[in-house]
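Chemist: Got a structure for you, upload.cif, holding mmCIF, C-alpha atoms.
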data_coords
loop_
_atom_site.group_PDB
_atom_site.id
_atom_site.type_symbol
_atom_site.label_atom_id
_atom_site.label_comp_id
_atom_site.auth_asym_id
_atom_site.auth_seq_id
_atom_site.Cartn_x
_atom_site.Cartn_y
_atom_site.Cartn_z
ATOM 1 C CA MET A 1 -27.976 -37.886 26.238
ATOM 2 C CA ARG A 2 -30.402 -40.563 27.145
ATOM 3 C CA GLN A 3 -30.257 -44.262 27.749
ATOM 4 C CA ILE A 4 -31.593 -45.000 24.275
ATOM 5 C CA ASP A 5 -28.844 -42.916 22.671
ATOM 6 C CA LEU A 6 -26.270 -45.276 24.145
ATOM 7 C CA GLY A 7 -28.269 -48.063 22.522
ATOM 8 C CA TYR A 8 -28.002 -46.334 19.167
ATOM 9 C CA LEU A 9 -24.257 -45.915 19.601
ATOM 10 C CA MET A 10 -23.741 -49.553 20.537
ATOM 11 C CA LEU A 11 -25.880 -50.679 17.606
ATOM 12 C CA SER A 12 -23.910 -48.584 15.140
ATOM 13 C CA GLY A 13 -20.648 -49.830 16.586
ATOM 14 C CA LEU A 14 -21.845 -53.377 16.111
ATOM 15 C CA VAL A 15 -22.991 -52.753 12.530
ATOM 16 C CA PHE A 16 -19.687 -51.055 11.717
ATOM 17 C CA ALA A 17 -17.783 -54.044 13.090
ATOM 18 C CA ILE A 18 -19.922 -56.441 11.055
ATOM 19 C CA GLY A 19 -19.236 -54.416 7.915
ATOM 20 C CA ALA A 20 -15.511 -54.357 8.659
ATOM 21 C CA VAL A 21 -15.431 -58.125 9.188
ATOM 22 C CA GLY A 22 -17.335 -58.540 5.934
ATOM 23 C CA VAL A 23 -14.776 -56.492 4.038
ATOM 24 C CA LEU A 24 -12.030 -58.670 5.517
ATOM 25 C CA ILE A 25 -13.548 -62.108 4.927
ATOM 26 C CA ARG A 26 -15.521 -61.787 1.682
ATOM 27 C CA ARG A 27 -13.911 -62.029 -1.741
ATOM 28 C CA ASN A 28 -16.681 -61.070 -4.150
ATOM 29 C CA PRO A 29 -16.012 -57.396 -5.024
ATOM 30 C CA LEU A 30 -19.731 -56.603 -5.102
ATOM 31 C CA VAL A 31 -20.189 -57.966 -1.576
ATOM 32 C CA LEU A 32 -17.253 -55.803 -0.519
ATOM 33 C CA VAL A 33 -19.135 -52.759 -1.838
ATOM 34 C CA MET A 34 -22.180 -53.826 0.169
ATOM 35 C CA CYS A 35 -20.103 -54.144 3.347
ATOM 36 C CA VAL A 36 -18.696 -50.660 2.804
ATOM 37 C CA GLU A 37 -22.271 -49.396 2.529
ATOM 38 C CA LEU A 38 -23.008 -51.103 5.833
ATOM 39 C CA MET A 39 -20.115 -49.293 7.504
ATOM 40 C CA LEU A 40 -21.205 -45.945 6.029
ATOM 41 C CA ASN A 41 -24.687 -46.539 7.395
ATOM 42 C CA ALA A 42 -23.393 -47.260 10.872
ATOM 43 C CA VAL A 43 -21.526 -43.960 10.826
ATOM 44 C CA ASN A 44 -24.662 -42.180 9.577
ATOM 45 C CA LEU A 45 -26.530 -43.545 12.559
ATOM 46 C CA THR A 46 -23.916 -42.166 14.960
ATOM 47 C CA PHE A 47 -24.082 -38.772 13.243
ATOM 48 C CA VAL A 48 -27.842 -38.577 13.702
ATOM 49 C CA THR A 49 -27.588 -39.774 17.310
ATOM 50 C CA PHE A 50 -24.862 -37.293 18.221
ATOM 51 C CA GLY A 51 -26.689 -34.536 16.350
ATOM 52 C CA ARG A 52 -29.737 -35.119 18.457
ATOM 53 C CA ALA A 53 -27.747 -35.488 21.676
ATOM 54 C CA MET A 54 -26.101 -32.130 20.954
ATOM 55 C CA ASN A 55 -29.390 -30.677 19.706
ATOM 56 C CA ASP A 56 -27.592 -29.676 16.512
ATOM 57 C CA MET A 57 -28.971 -29.913 12.996
ATOM 58 C CA ALA A 58 -25.483 -30.257 11.471
ATOM 59 C CA GLY A 59 -25.477 -33.977 12.257
ATOM 60 C CA GLN A 60 -28.292 -34.589 9.812
ATOM 61 C CA VAL A 61 -26.762 -32.312 7.170
ATOM 62 C CA ILE A 62 -23.511 -34.278 7.335
ATOM 63 C CA VAL A 63 -25.439 -37.515 6.895
ATOM 64 C CA PHE A 64 -26.927 -35.991 3.758
ATOM 65 C CA PHE A 65 -23.425 -35.390 2.406
ATOM 66 C CA VAL A 66 -22.396 -38.918 3.325
ATOM 67 C CA LEU A 67 -25.343 -40.196 1.290
ATOM 68 C CA VAL A 68 -24.171 -38.145 -1.699
ATOM 69 C CA ILE A 69 -20.630 -39.474 -1.334
ATOM 70 C CA ALA A 70 -21.904 -43.036 -0.986
ATOM 71 C CA ALA A 71 -23.960 -42.766 -4.163
ATOM 72 C CA ALA A 72 -20.989 -41.426 -6.131
ATOM 73 C CA GLU A 73 -18.699 -44.058 -4.625
ATOM 74 C CA VAL A 74 -21.007 -46.895 -5.604
ATOM 75 C CA VAL A 75 -21.332 -45.583 -9.154
ATOM 76 C CA VAL A 76 -17.579 -45.351 -9.631
ATOM 77 C CA GLY A 77 -16.945 -48.631 -7.802
ATOM 78 C CA LEU A 78 -19.429 -50.521 -9.944
ATOM 79 C CA GLY A 79 -17.868 -48.990 -13.051
ATOM 80 C CA ILE A 80 -14.496 -50.313 -11.942
ATOM 81 C CA ILE A 81 -15.976 -53.749 -11.168
ATOM 82 C CA VAL A 82 -17.684 -53.920 -14.588
ATOM 83 C CA ALA A 83 -14.446 -52.989 -16.352
ATOM 84 C CA MET A 84 -12.491 -55.495 -14.253
ATOM 85 C CA LYS A 85 -14.967 -58.333 -14.787
ATOM 86 C CA ARG A 86 -14.869 -57.701 -18.520
ATOM 87 C CA ARG A 87 -11.159 -58.424 -18.658
ATOM 88 C CA GLN A 88 -10.990 -61.057 -15.912
ATOM 89 C CA PRO A 89 -14.415 -62.676 -15.534
ATOM 90 C CA ALA A 90 -13.339 -64.814 -12.563
ATOM 91 C CA ALA A 91 -11.594 -62.037 -10.662
ATOM 92 C CA THR A 92 -12.028 -61.845 -6.892
ATOM 93 C CA ALA A 93 -10.558 -59.550 -4.291
ATOM 94 C CA ASP A 94 -7.665 -61.983 -3.867
ATOM 95 C CA ASP A 95 -6.541 -61.280 -7.407
ATOM 96 C CA VAL A 96 -5.522 -57.765 -6.466
ATOM 97 C CA SER A 97 -2.066 -59.281 -6.028
ATOM 98 C CA VAL A 98 -1.679 -59.600 -9.805
ATOM 99 C CA LEU A 99 -1.566 -55.831 -10.003
ATOM 100 C CA ARG A 100 1.896 -55.940 -8.428
ATOM 101 C CA GLY A 101 1.350 -52.409 -7.206
ATOM 102 C CA MET B 1 -10.964 -28.674 25.954
ATOM 103 C CA PRO B 2 -14.351 -27.026 26.250
ATOM 104 C CA GLU B 3 -16.295 -27.663 29.372
ATOM 105 C CA ALA B 4 -18.146 -30.934 29.278
ATOM 106 C CA VAL B 5 -21.859 -30.458 29.049
ATOM 107 C CA LEU B 6 -24.275 -33.116 30.120
ATOM 108 C CA LEU B 7 -26.928 -32.804 27.506
ATOM 109 C CA GLY B 8 -30.586 -33.455 27.203
ATOM 110 C CA GLY B 9 -31.140 -34.640 30.720
ATOM 111 C CA GLU B 10 -34.697 -33.414 30.548
ATOM 112 C CA GLN B 11 -35.512 -35.399 27.407
ATOM 113 C CA THR B 12 -37.599 -38.467 28.011
ATOM 114 C CA THR B 13 -37.875 -41.621 25.971
ATOM 115 C CA THR B 14 -41.321 -42.963 25.286
ATOM 116 C CA ALA B 15 -42.106 -46.648 25.397
ATOM 117 C CA VAL B 16 -42.954 -46.555 21.694
ATOM 118 C CA GLU B 17 -39.491 -45.266 20.899
ATOM 119 C CA TRP B 18 -37.937 -48.120 22.829
ATOM 120 C CA VAL B 19 -40.094 -50.749 21.135
ATOM 121 C CA VAL B 20 -39.364 -49.350 17.671
ATOM 122 C CA PHE B 21 -35.679 -49.157 18.513
ATOM 123 C CA ILE B 22 -35.492 -52.744 19.680
ATOM 124 C CA ILE B 23 -37.357 -54.111 16.657
ATOM 125 C CA ALA B 24 -35.434 -52.035 14.123
ATOM 126 C CA ALA B 25 -32.106 -52.735 15.817
ATOM 127 C CA THR B 26 -32.797 -56.475 15.665
ATOM 128 C CA THR B 27 -33.636 -56.360 11.973
ATOM 129 C CA THR B 28 -30.608 -54.154 11.298
ATOM 130 C CA LEU B 29 -28.322 -56.681 12.946
ATOM 131 C CA LEU B 30 -29.968 -59.630 11.209
ATOM 132 C CA GLY B 31 -29.645 -57.892 7.839
ATOM 133 C CA SER B 32 -26.021 -57.007 8.513
ATOM 134 C CA PHE B 33 -25.185 -60.579 9.407
ATOM 135 C CA GLY B 34 -27.029 -61.690 6.304
ATOM 136 C CA VAL B 35 -24.811 -59.481 4.138
ATOM 137 C CA ILE B 36 -21.607 -61.072 5.348
ATOM 138 C CA MET B 37 -22.883 -64.633 5.820
ATOM 139 C CA ALA B 38 -24.912 -65.172 2.636
ATOM 140 C CA ARG B 39 -23.110 -67.334 0.115
ATOM 141 C CA ASN B 40 -25.138 -65.992 -2.779
ATOM 142 C CA PRO B 41 -24.441 -62.284 -3.504
ATOM 143 C CA VAL B 42 -28.097 -61.732 -4.440
ATOM 144 C CA HIS B 43 -29.138 -62.868 -0.973
ATOM 145 C CA ALA B 44 -26.519 -60.542 0.490
ATOM 146 C CA ALA B 45 -27.980 -57.637 -1.483
ATOM 147 C CA LEU B 46 -31.483 -58.429 -0.255
ATOM 148 C CA SER B 47 -30.213 -58.609 3.335
ATOM 149 C CA LEU B 48 -28.615 -55.223 2.750
ATOM 150 C CA VAL B 49 -32.040 -53.859 1.771
ATOM 151 C CA GLY B 50 -33.434 -55.083 5.082
ATOM 152 C CA SER B 51 -30.574 -53.572 7.038
ATOM 153 C CA LEU B 52 -30.734 -50.197 5.278
ATOM 154 C CA PHE B 53 -34.498 -50.036 5.608
ATOM 155 C CA SER B 54 -34.233 -50.712 9.346
ATOM 156 C CA VAL B 55 -31.708 -47.890 9.643
ATOM 157 C CA ALA B 56 -34.268 -45.666 7.888
ATOM 158 C CA VAL B 57 -36.769 -46.648 10.584
ATOM 159 C CA LEU B 58 -34.193 -45.724 13.221
ATOM 160 C CA PHE B 59 -33.712 -42.327 11.544
ATOM 161 C CA LEU B 60 -37.468 -41.829 11.708
ATOM 162 C CA ASN B 61 -37.368 -42.828 15.362
ATOM 163 C CA GLN B 62 -34.848 -40.073 15.986
ATOM 164 C CA GLY B 63 -36.876 -37.414 14.248
ATOM 165 C CA ALA B 64 -34.872 -37.281 11.010
ATOM 166 C CA GLU B 65 -37.768 -37.688 8.589
ATOM 167 C CA PHE B 66 -35.971 -36.309 5.547
ATOM 168 C CA LEU B 67 -33.013 -38.612 6.028
ATOM 169 C CA ALA B 68 -35.312 -41.597 6.447
ATOM 170 C CA ALA B 69 -36.977 -40.818 3.123
ATOM 171 C CA VAL B 70 -33.666 -40.202 1.369
ATOM 172 C CA GLN B 71 -32.265 -43.391 2.863
ATOM 173 C CA VAL B 72 -35.077 -45.454 1.359
ATOM 174 C CA ILE B 73 -35.007 -43.643 -1.985
ATOM 175 C CA VAL B 74 -31.254 -43.461 -2.503
ATOM 176 C CA TYR B 75 -29.999 -46.571 -0.742
ATOM 177 C CA THR B 76 -32.659 -49.205 -1.121
ATOM 178 C CA GLY B 77 -34.160 -47.636 -4.227
ATOM 179 C CA ALA B 78 -31.068 -46.771 -6.214
ATOM 180 C CA ILE B 79 -27.831 -48.150 -4.820
ATOM 181 C CA VAL B 80 -28.934 -51.691 -4.043
ATOM 182 C CA ILE B 81 -30.858 -51.893 -7.301
ATOM 183 C CA LEU B 82 -27.720 -50.754 -9.118
ATOM 184 C CA ILE B 83 -25.696 -53.442 -7.360
ATOM 185 C CA LEU B 84 -28.328 -56.052 -8.234
ATOM 186 C CA PHE B 85 -28.323 -54.924 -11.864
ATOM 187 C CA VAL B 86 -24.566 -55.349 -12.068
ATOM 188 C CA LEU B 87 -24.856 -58.750 -10.389
ATOM 189 C CA MET B 88 -27.446 -59.918 -12.904
ATOM 190 C CA LEU B 89 -25.848 -58.358 -15.971
ATOM 191 C CA LEU B 90 -22.385 -59.688 -15.307
ATOM 192 C CA GLY B 91 -23.714 -63.101 -14.382
ATOM 193 C CA ILE B 92 -21.431 -63.339 -11.388
ATOM 194 C CA ASP B 93 -24.094 -64.522 -9.007
ATOM 195 C CA THR B 94 -21.974 -67.548 -8.258
ATOM 196 C CA GLU B 95 -21.925 -68.983 -4.787
ATOM 197 C CA GLU B 96 -18.860 -68.342 -2.722
ATOM 198 C CA ASP B 97 -17.257 -70.949 -0.550
ATOM 199 C CA LEU B 98 -16.698 -69.192 2.752
ATOM 200 C CA GLU B 99 -14.744 -72.139 4.148
ATOM 201 C CA ASP B 100 -12.001 -71.916 1.555
ATOM 202 C CA GLU B 101 -9.379 -69.417 2.657
ATOM 203 C CA PRO B 102 -6.375 -68.819 0.464
ATOM 204 C CA LEU B 103 -4.728 -66.777 3.186
ATOM 205 C CA ARG B 104 -4.499 -69.073 6.172
ATOM 206 C CA GLY B 105 -5.856 -67.682 9.421
ATOM 207 C CA GLN B 106 -7.418 -64.680 7.749
ATOM 208 C CA MET B 107 -10.939 -65.453 8.913
ATOM 209 C CA PRO B 108 -10.170 -65.791 12.665
ATOM 210 C CA VAL B 109 -8.050 -62.644 12.569
ATOM 211 C CA ALA B 110 -10.854 -60.750 10.816
ATOM 212 C CA VAL B 111 -13.432 -61.920 13.349
ATOM 213 C CA GLY B 112 -11.026 -61.008 16.155
ATOM 214 C CA ILE B 113 -10.684 -57.493 14.764
ATOM 215 C CA GLY B 114 -14.464 -57.224 14.591
ATOM 216 C CA VAL B 115 -14.852 -58.370 18.185
ATOM 217 C CA LEU B 116 -12.208 -55.858 19.271
ATOM 218 C CA LEU B 117 -14.000 -53.044 17.441
ATOM 219 C CA THR B 118 -17.303 -53.964 19.037
ATOM 220 C CA ALA B 119 -15.758 -54.373 22.476
ATOM 221 C CA SER B 120 -14.106 -50.966 22.297
ATOM 222 C CA VAL B 121 -17.358 -49.218 21.384
ATOM 223 C CA PHE B 122 -19.245 -51.121 24.082
ATOM 224 C CA ALA B 123 -16.583 -50.290 26.642
ATOM 225 C CA LEU B 124 -16.727 -46.632 25.665
ATOM 226 C CA THR B 125 -20.477 -46.429 26.006
ATOM 227 C CA GLN B 126 -20.605 -48.470 29.203
ATOM 228 C CA LEU B 127 -17.639 -46.986 31.054
ATOM 229 C CA VAL B 128 -18.001 -43.371 30.010
ATOM 230 C CA GLY B 129 -21.764 -43.605 29.895
ATOM 231 C CA PHE B 130 -23.704 -40.416 29.518
ATOM 232 C CA ASP B 131 -20.563 -38.288 29.438
ATOM 233 C CA VAL B 132 -19.639 -39.792 26.070
ATOM 234 C CA VAL B 133 -21.005 -36.686 24.342
ATOM 235 C CA THR B 134 -19.125 -33.567 25.325
ATOM 236 C CA GLY B 135 -18.798 -30.195 23.720
ATOM 237 C CA THR B 136 -20.864 -27.147 22.993
ATOM 238 C CA PRO B 137 -24.436 -27.871 21.953
ATOM 239 C CA GLU B 138 -26.301 -26.076 19.184
ATOM 240 C CA VAL B 139 -23.197 -24.748 17.444
ATOM 241 C CA THR B 140 -24.669 -24.751 13.954
ATOM 242 C CA ALA B 141 -28.399 -24.601 14.483
ATOM 243 C CA ALA B 142 -30.694 -26.014 17.089
ATOM 244 C CA ILE B 143 -33.180 -28.689 16.076
ATOM 245 C CA ARG B 144 -36.544 -26.990 16.121
ATOM 246 C CA ASP B 145 -39.891 -28.630 16.579
ATOM 247 C CA ASP B 146 -41.943 -25.826 15.041
ATOM 248 C CA MET B 147 -40.382 -26.237 11.590
ATOM 249 C CA PRO B 148 -40.344 -29.198 9.222
ATOM 250 C CA ASN B 149 -37.163 -31.235 9.266
ATOM 251 C CA ILE B 150 -36.567 -30.736 5.535
ATOM 252 C CA ASN B 151 -36.797 -26.929 5.853
ATOM 253 C CA GLN B 152 -34.099 -26.874 8.509
ATOM 254 C CA ILE B 153 -31.769 -29.099 6.456
ATOM 255 C CA GLY B 154 -32.372 -27.073 3.304
ATOM 256 C CA ARG B 155 -31.707 -23.828 5.105
ATOM 257 C CA LEU B 156 -28.397 -25.128 6.437
ATOM 258 C CA LEU B 157 -27.406 -26.600 3.064
ATOM 259 C CA PHE B 158 -27.657 -23.211 1.392
ATOM 260 C CA THR B 159 -26.215 -21.099 4.191
ATOM 261 C CA ASP B 160 -23.587 -22.704 6.412
ATOM 262 C CA PHE B 161 -22.812 -25.608 4.080
ATOM 263 C CA VAL B 162 -23.125 -23.903 0.708
ATOM 264 C CA VAL B 163 -19.521 -24.591 -0.340
ATOM 265 C CA ALA B 164 -19.850 -28.246 0.607
ATOM 266 C CA THR B 165 -23.110 -28.437 -1.330
ATOM 267 C CA GLN B 166 -21.524 -27.078 -4.466
ATOM 268 C CA LEU B 167 -18.512 -29.358 -4.083
ATOM 269 C CA ALA B 168 -20.908 -32.300 -3.728
ATOM 270 C CA GLY B 169 -22.525 -31.262 -7.008
ATOM 271 C CA VAL B 170 -19.130 -31.108 -8.731
ATOM 272 C CA MET B 171 -18.225 -34.497 -7.304
ATOM 273 C CA LEU B 172 -21.461 -36.074 -8.520
ATOM 274 C CA THR B 173 -20.764 -34.752 -12.026
ATOM 275 C CA VAL B 174 -17.242 -36.148 -11.926
ATOM 276 C CA ALA B 175 -18.574 -39.498 -10.703
ATOM 277 C CA VAL B 176 -21.112 -39.697 -13.535
ATOM 278 C CA VAL B 177 -18.495 -38.892 -16.174
ATOM 279 C CA GLY B 178 -16.034 -41.309 -14.593
ATOM 280 C CA ALA B 179 -18.587 -44.117 -14.490
ATOM 281 C CA VAL B 180 -19.442 -43.592 -18.169
ATOM 282 C CA VAL B 181 -15.774 -43.588 -19.142
ATOM 283 C CA MET B 182 -14.985 -46.728 -17.150
ATOM 284 C CA ALA B 183 -18.048 -48.744 -18.078
ATOM 285 C CA ARG B 184 -17.699 -48.011 -21.791
ATOM 286 C CA ARG B 185 -16.696 -51.048 -23.781
ATOM 287 C CA PRO B 186 -13.110 -50.450 -24.785
ATOM 288 C CA ARG B 187 -12.019 -50.733 -28.369
ATOM 289 C CA GLU B 188 -9.770 -53.636 -29.288
ATOM 290 C CA TYR B 189 -6.912 -54.150 -26.885
ATOM 291 C CA GLN B 190 -4.144 -53.183 -29.235
ATOM 292 C CA PRO B 191 -1.298 -50.735 -29.007
ATOM 293 C CA ILE B 192 -1.962 -47.310 -30.355
ATOM 294 C CA PRO B 193 -0.503 -47.285 -33.887
ATOM 295 C CA GLU B 194 2.344 -44.928 -34.500
ATOM 296 C CA PRO B 195 1.430 -42.325 -37.091
ATOM 297 C CA GLU B 196 3.514 -42.470 -40.243
ATOM 298 C CA SER B 197 4.201 -38.802 -40.023
ATOM 299 C CA MET B 198 2.813 -35.858 -38.222
ATOM 300 C CA ASP B 199 0.659 -35.133 -41.276
ATOM 301 C CA ALA B 200 -1.260 -38.376 -41.006
ATOM 302 C CA PRO B 201 -4.462 -37.709 -39.089
ATOM 303 C CA LEU B 202 -5.729 -40.077 -36.429
ATOM 304 C CA SER B 203 -7.945 -42.808 -37.828
ATOM 305 C CA LEU B 204 -11.540 -41.697 -37.632
ATOM 306 C CA ASP B 205 -12.924 -43.787 -40.491
ATOM 307 C CA PRO B 206 -16.203 -45.636 -39.872
ATOM 308 C CA THR B 207 -14.699 -49.099 -40.460
ATOM 309 C CA ASP B 208 -13.333 -49.005 -36.905
ATOM 310 C CA GLN B 209 -16.818 -48.418 -35.620
ATOM 311 C CA GLY B 210 -18.078 -51.360 -37.664
ATOM 312 C CA ALA B 211 -15.454 -53.671 -36.235
ATOM 313 C CA ASP B 212 -16.337 -52.491 -32.759
ATOM 314 C CA ASN B 213 -20.027 -53.195 -33.259
ATOM 315 C CA GLY B 214 -19.198 -56.605 -34.639
ATOM 316 C CA ALA B 215 -17.226 -57.443 -31.540
ATOM 317 C CA GLU B 216 -20.099 -56.332 -29.394
ATOM 318 C CA VAL B 217 -22.537 -58.600 -31.217
ATOM 319 C CA ALA B 218 -20.096 -61.488 -30.976
ATOM 320 C CA ASP B 219 -20.013 -61.051 -27.216
#
Could you rewrite the structure in this file as structure tokens?

Modeler:
Amino acid sequence: MRQIDLGYLMLSGLVFAIGAVGVLIRRNPLVLVMCVELMLNAVNLTFVTFGRAMNDMAGQVIVFFVLVIAAAEVVVGLGIIVAMKRRQPAATADDVSVLRG
Amino acid sequence: MPEAVLLGGEQTTTAVEWVVFIIAATTTLLGSFGVIMARNPVHAALSLVGSLFSVAVLFLNQGAEFLAAVQVIVYTGAIVILILFVLMLLGIDTEEDLEDEPLRGQMPVAVGIGVLLTASVFALTQLVGFDVVTGTPEVTAAIRDDMPNINQIGRLLFTDFVVATQLAGVMLTVAVVGAVVMARRPREYQPIPEPESMDAPLSLDPTDQGADNGAEVAD
């Protein structure tokens, strides 16, 4: 563990917080997807940092899996958004309430 | 709890690493702020490209060359382009009024949560310091300098993580099928007609297809 590794951890914490705030304050569903990507990236950065601090290759392998998951998540999420926008062109994240789930 | 190990004390950080870190961290933060502050979603997507690219630079700075390449190819090359395509195709690149809040007090609470998250991580790294990483090092495989990064990842993917790799393949297939099913233009929104009797087959005549195509053109 070196001084710069603490810098990486603080940076990823900051980016994760920014992504979380974005998810909470934005209403465009596509921007929400982008903010989730931001949070995933922050976690990826911690994985690589911890992997190097522990001198373990598994950190990078897990990041690879996170990338796979993120790609699949975006594909499915965009499919949902396209289907939703087709029925309700003006839908925002606030309109989740009409689902009455 | 396993004995805490203070790791990598002998590793040194070069000045170049620090400079690259500071520059890339600045651009990462600027891009991240751009994503949540931009009124236009297209601008947010372009800020996301900057942020993700800077994270790729940080990966490179930490010796993860393969991940840096995959980050640029998959994230900035595929995911953001996909998001931009959906933005353009759906024509929802409308500006968003960030001042208007339907749920009163939501914005300050959200920012407060973000500040709390940041403060907790900062406190952890500052108070605990170098003991923040504990545990047994090199459990899976040590990072080796005499072997390309991609070889080490590939070796692990097909030995220790082979089940996870195959599950990831299954999940990607499911995601592709699911995306096709969801993005397909549905037929007319009408209740499924009750068959007259069990002998009557489901309607497969081409006139339905014609009506569907007509609707598509009309759109």

Chemist: Kindly resolve the PyMOL selection byres ((chain A and resi 25) around 9) on the present coordinates and return the residues as a list in words.

Modeler: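 Applied to this file, the PyMOL selection byres ((chain A and resi 25) around 9) selects Ala20, Val21, Gly22, Val23, Leu24, Arg26 and Arg27 of chain A; Ile36, Leu98, Glu101, Gln106, Met107, Ala110 and Val111 of chain B.
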
Chemist: Write the residues of the selection above to a file with C-alpha atoms, as a tab-separated table (two decimals), in the coordinates of the input.

Modeler:
chain	number	residue	atom	x	y	z
A	20	ALA	CA	-15.51	-54.36	8.66
A	21	VAL	CA	-15.43	-58.12	9.19
A	22	GLY	CA	-17.34	-58.54	5.93
A	23	VAL	CA	-14.78	-56.49	4.04
A	24	LEU	CA	-12.03	-58.67	5.52
A	26	ARG	CA	-15.52	-61.79	1.68
A	27	ARG	CA	-13.91	-62.03	-1.74
B	36	ILE	CA	-21.61	-61.07	5.35
B	98	LEU	CA	-16.70	-69.19	2.75
B	101	GLU	CA	-9.38	-69.42	2.66
B	106	GLN	CA	-7.42	-64.68	7.75
B	107	MET	CA	-10.94	-65.45	8.91
B	110	ALA	CA	-10.85	-60.75	10.82
B	111	VAL	CA	-13.43	-61.92	13.35

Chemist: Apply the PyMOL selection byres ((chain B and resi 121-129) around 8) to the structure shown and report the selected residues as a ChimeraX atom specification.

Modeler: /A:6,9-10,13 /B:117-120,130-132

Chemist: Looking at A:Val36, A:Val66, A:Val43, A:Val82, which one is nearest to chain B, with distances taken over only C-alpha atoms?

Modeler: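 When distances to chain B are compared using only C-alpha atoms, the smallest one comes from A:Val82.
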
Chemist: Hey, which of B:Leu48, B:Leu58, B:Val133, B:Ala164 ends up closest to Phe50 (chain A)? Count all atoms listed in the file.

Modeler: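 Among B:Leu48, B:Leu58, B:Val133, B:Ala164, it is B:Val133 that comes nearest to Phe50 (chain A).
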
Chemist: Give as a short mmCIF file (atom, residue, chain, number, x, y, z; two decimals) with C-alpha atoms, keeping the file's coordinate frame the residues that the PyMOL selection byres ((chain A) within 8 of (chain B)) matches when applied to the coordinates above.

Modeler:
data_model
loop_
_atom_site.label_atom_id
_atom_site.label_comp_id
_atom_site.auth_asym_id
_atom_site.auth_seq_id
_atom_site.Cartn_x
_atom_site.Cartn_y
_atom_site.Cartn_z
CA MET A 1 -27.98 -37.89 26.24
CA ARG A 2 -30.40 -40.56 27.14
CA GLN A 3 -30.26 -44.26 27.75
CA ILE A 4 -31.59 -45.00 24.28
CA LEU A 6 -26.27 -45.28 24.14
CA LEU A 9 -24.26 -45.92 19.60
CA MET A 10 -23.74 -49.55 20.54
CA LEU A 11 -25.88 -50.68 17.61
CA GLY A 13 -20.65 -49.83 16.59
CA LEU A 14 -21.84 -53.38 16.11
CA VAL A 15 -22.99 -52.75 12.53
CA ALA A 17 -17.78 -54.04 13.09
CA ILE A 18 -19.92 -56.44 11.06
CA GLY A 19 -19.24 -54.42 7.92
CA ALA A 20 -15.51 -54.36 8.66
CA VAL A 21 -15.43 -58.12 9.19
CA GLY A 22 -17.34 -58.54 5.93
CA LEU A 24 -12.03 -58.67 5.52
CA ILE A 25 -13.55 -62.11 4.93
CA ARG A 26 -15.52 -61.79 1.68
CA ASN A 28 -16.68 -61.07 -4.15
CA LEU A 30 -19.73 -56.60 -5.10
CA VAL A 31 -20.19 -57.97 -1.58
CA MET A 34 -22.18 -53.83 0.17
CA CYS A 35 -20.10 -54.14 3.35
CA LEU A 38 -23.01 -51.10 5.83
CA ASN A 41 -24.69 -46.54 7.40
CA LEU A 45 -26.53 -43.54 12.56
CA VAL A 48 -27.84 -38.58 13.70
CA THR A 49 -27.59 -39.77 17.31
CA PHE A 50 -24.86 -37.29 18.22
CA ARG A 52 -29.74 -35.12 18.46
CA ALA A 53 -27.75 -35.49 21.68
CA MET A 54 -26.10 -32.13 20.95
CA ASN A 55 -29.39 -30.68 19.71
CA ASP A 56 -27.59 -29.68 16.51
CA MET A 57 -28.97 -29.91 13.00
CA ALA A 58 -25.48 -30.26 11.47
CA GLN A 60 -28.29 -34.59 9.81
CA VAL A 61 -26.76 -32.31 7.17
CA VAL A 63 -25.44 -37.52 6.90
CA PHE A 64 -26.93 -35.99 3.76
CA PHE A 65 -23.42 -35.39 2.41
CA LEU A 67 -25.34 -40.20 1.29
CA VAL A 68 -24.17 -38.15 -1.70
CA ILE A 69 -20.63 -39.47 -1.33
CA ALA A 71 -23.96 -42.77 -4.16
CA ALA A 72 -20.99 -41.43 -6.13
CA GLU A 73 -18.70 -44.06 -4.62
CA VAL A 74 -21.01 -46.90 -5.60
CA VAL A 75 -21.33 -45.58 -9.15
CA VAL A 76 -17.58 -45.35 -9.63
CA LEU A 78 -19.43 -50.52 -9.94
CA GLY A 79 -17.87 -48.99 -13.05
CA ILE A 80 -14.50 -50.31 -11.94
CA VAL A 82 -17.68 -53.92 -14.59
CA ALA A 83 -14.45 -52.99 -16.35
CA LYS A 85 -14.97 -58.33 -14.79
#

Chemist: Taking into account all atoms listed in the file, which residue in the set B:Val170, B:Gly77, B:Ala15, B:Thr27 is nearest to Val57 (chain B)?

Modeler: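 The closest residue to Val57 (chain B) is B:Thr27.
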
Chemist: One decimal, in Å: what's the spacing between CA of Ser54 (chain B) and CA of Ala68 (chain B)?

Modeler: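 Going from CA of Ser54 (chain B) over to CA of Ala68 (chain B), I get 9.6 Å.
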
Chemist: In Å, rounded to a single decimal, give me how far CA of Val19 (chain B) is from CA of Asp145 (chain B).

Modeler: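 A separation of 22.6 Å between them.
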
Chemist: In Å, how far is it from CA of Ala69 (chain B) to CA of Met88 (chain B)?

Modeler: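 These two atoms are separated by 26.7 Å.
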
Chemist: Return the padded bounding box of region 142-146 of chain B as lines of an AutoDock Vina configuration file: axis-aligned, built from all atoms listed in the file, 8 Å added on each side, with centre and edge lengths in Å to one decimal.

Modeler:
center_x = -36.3
center_y = -27.3
center_z = 16.1
size_x = 27.2
size_y = 18.9
size_z = 18.0

Chemist: A:Gly59, A:Gly7, A:Ala70, A:Pro29: which is nearest Ala90 (chain A), counting all atoms listed in the file?

Modeler: A:Pro29
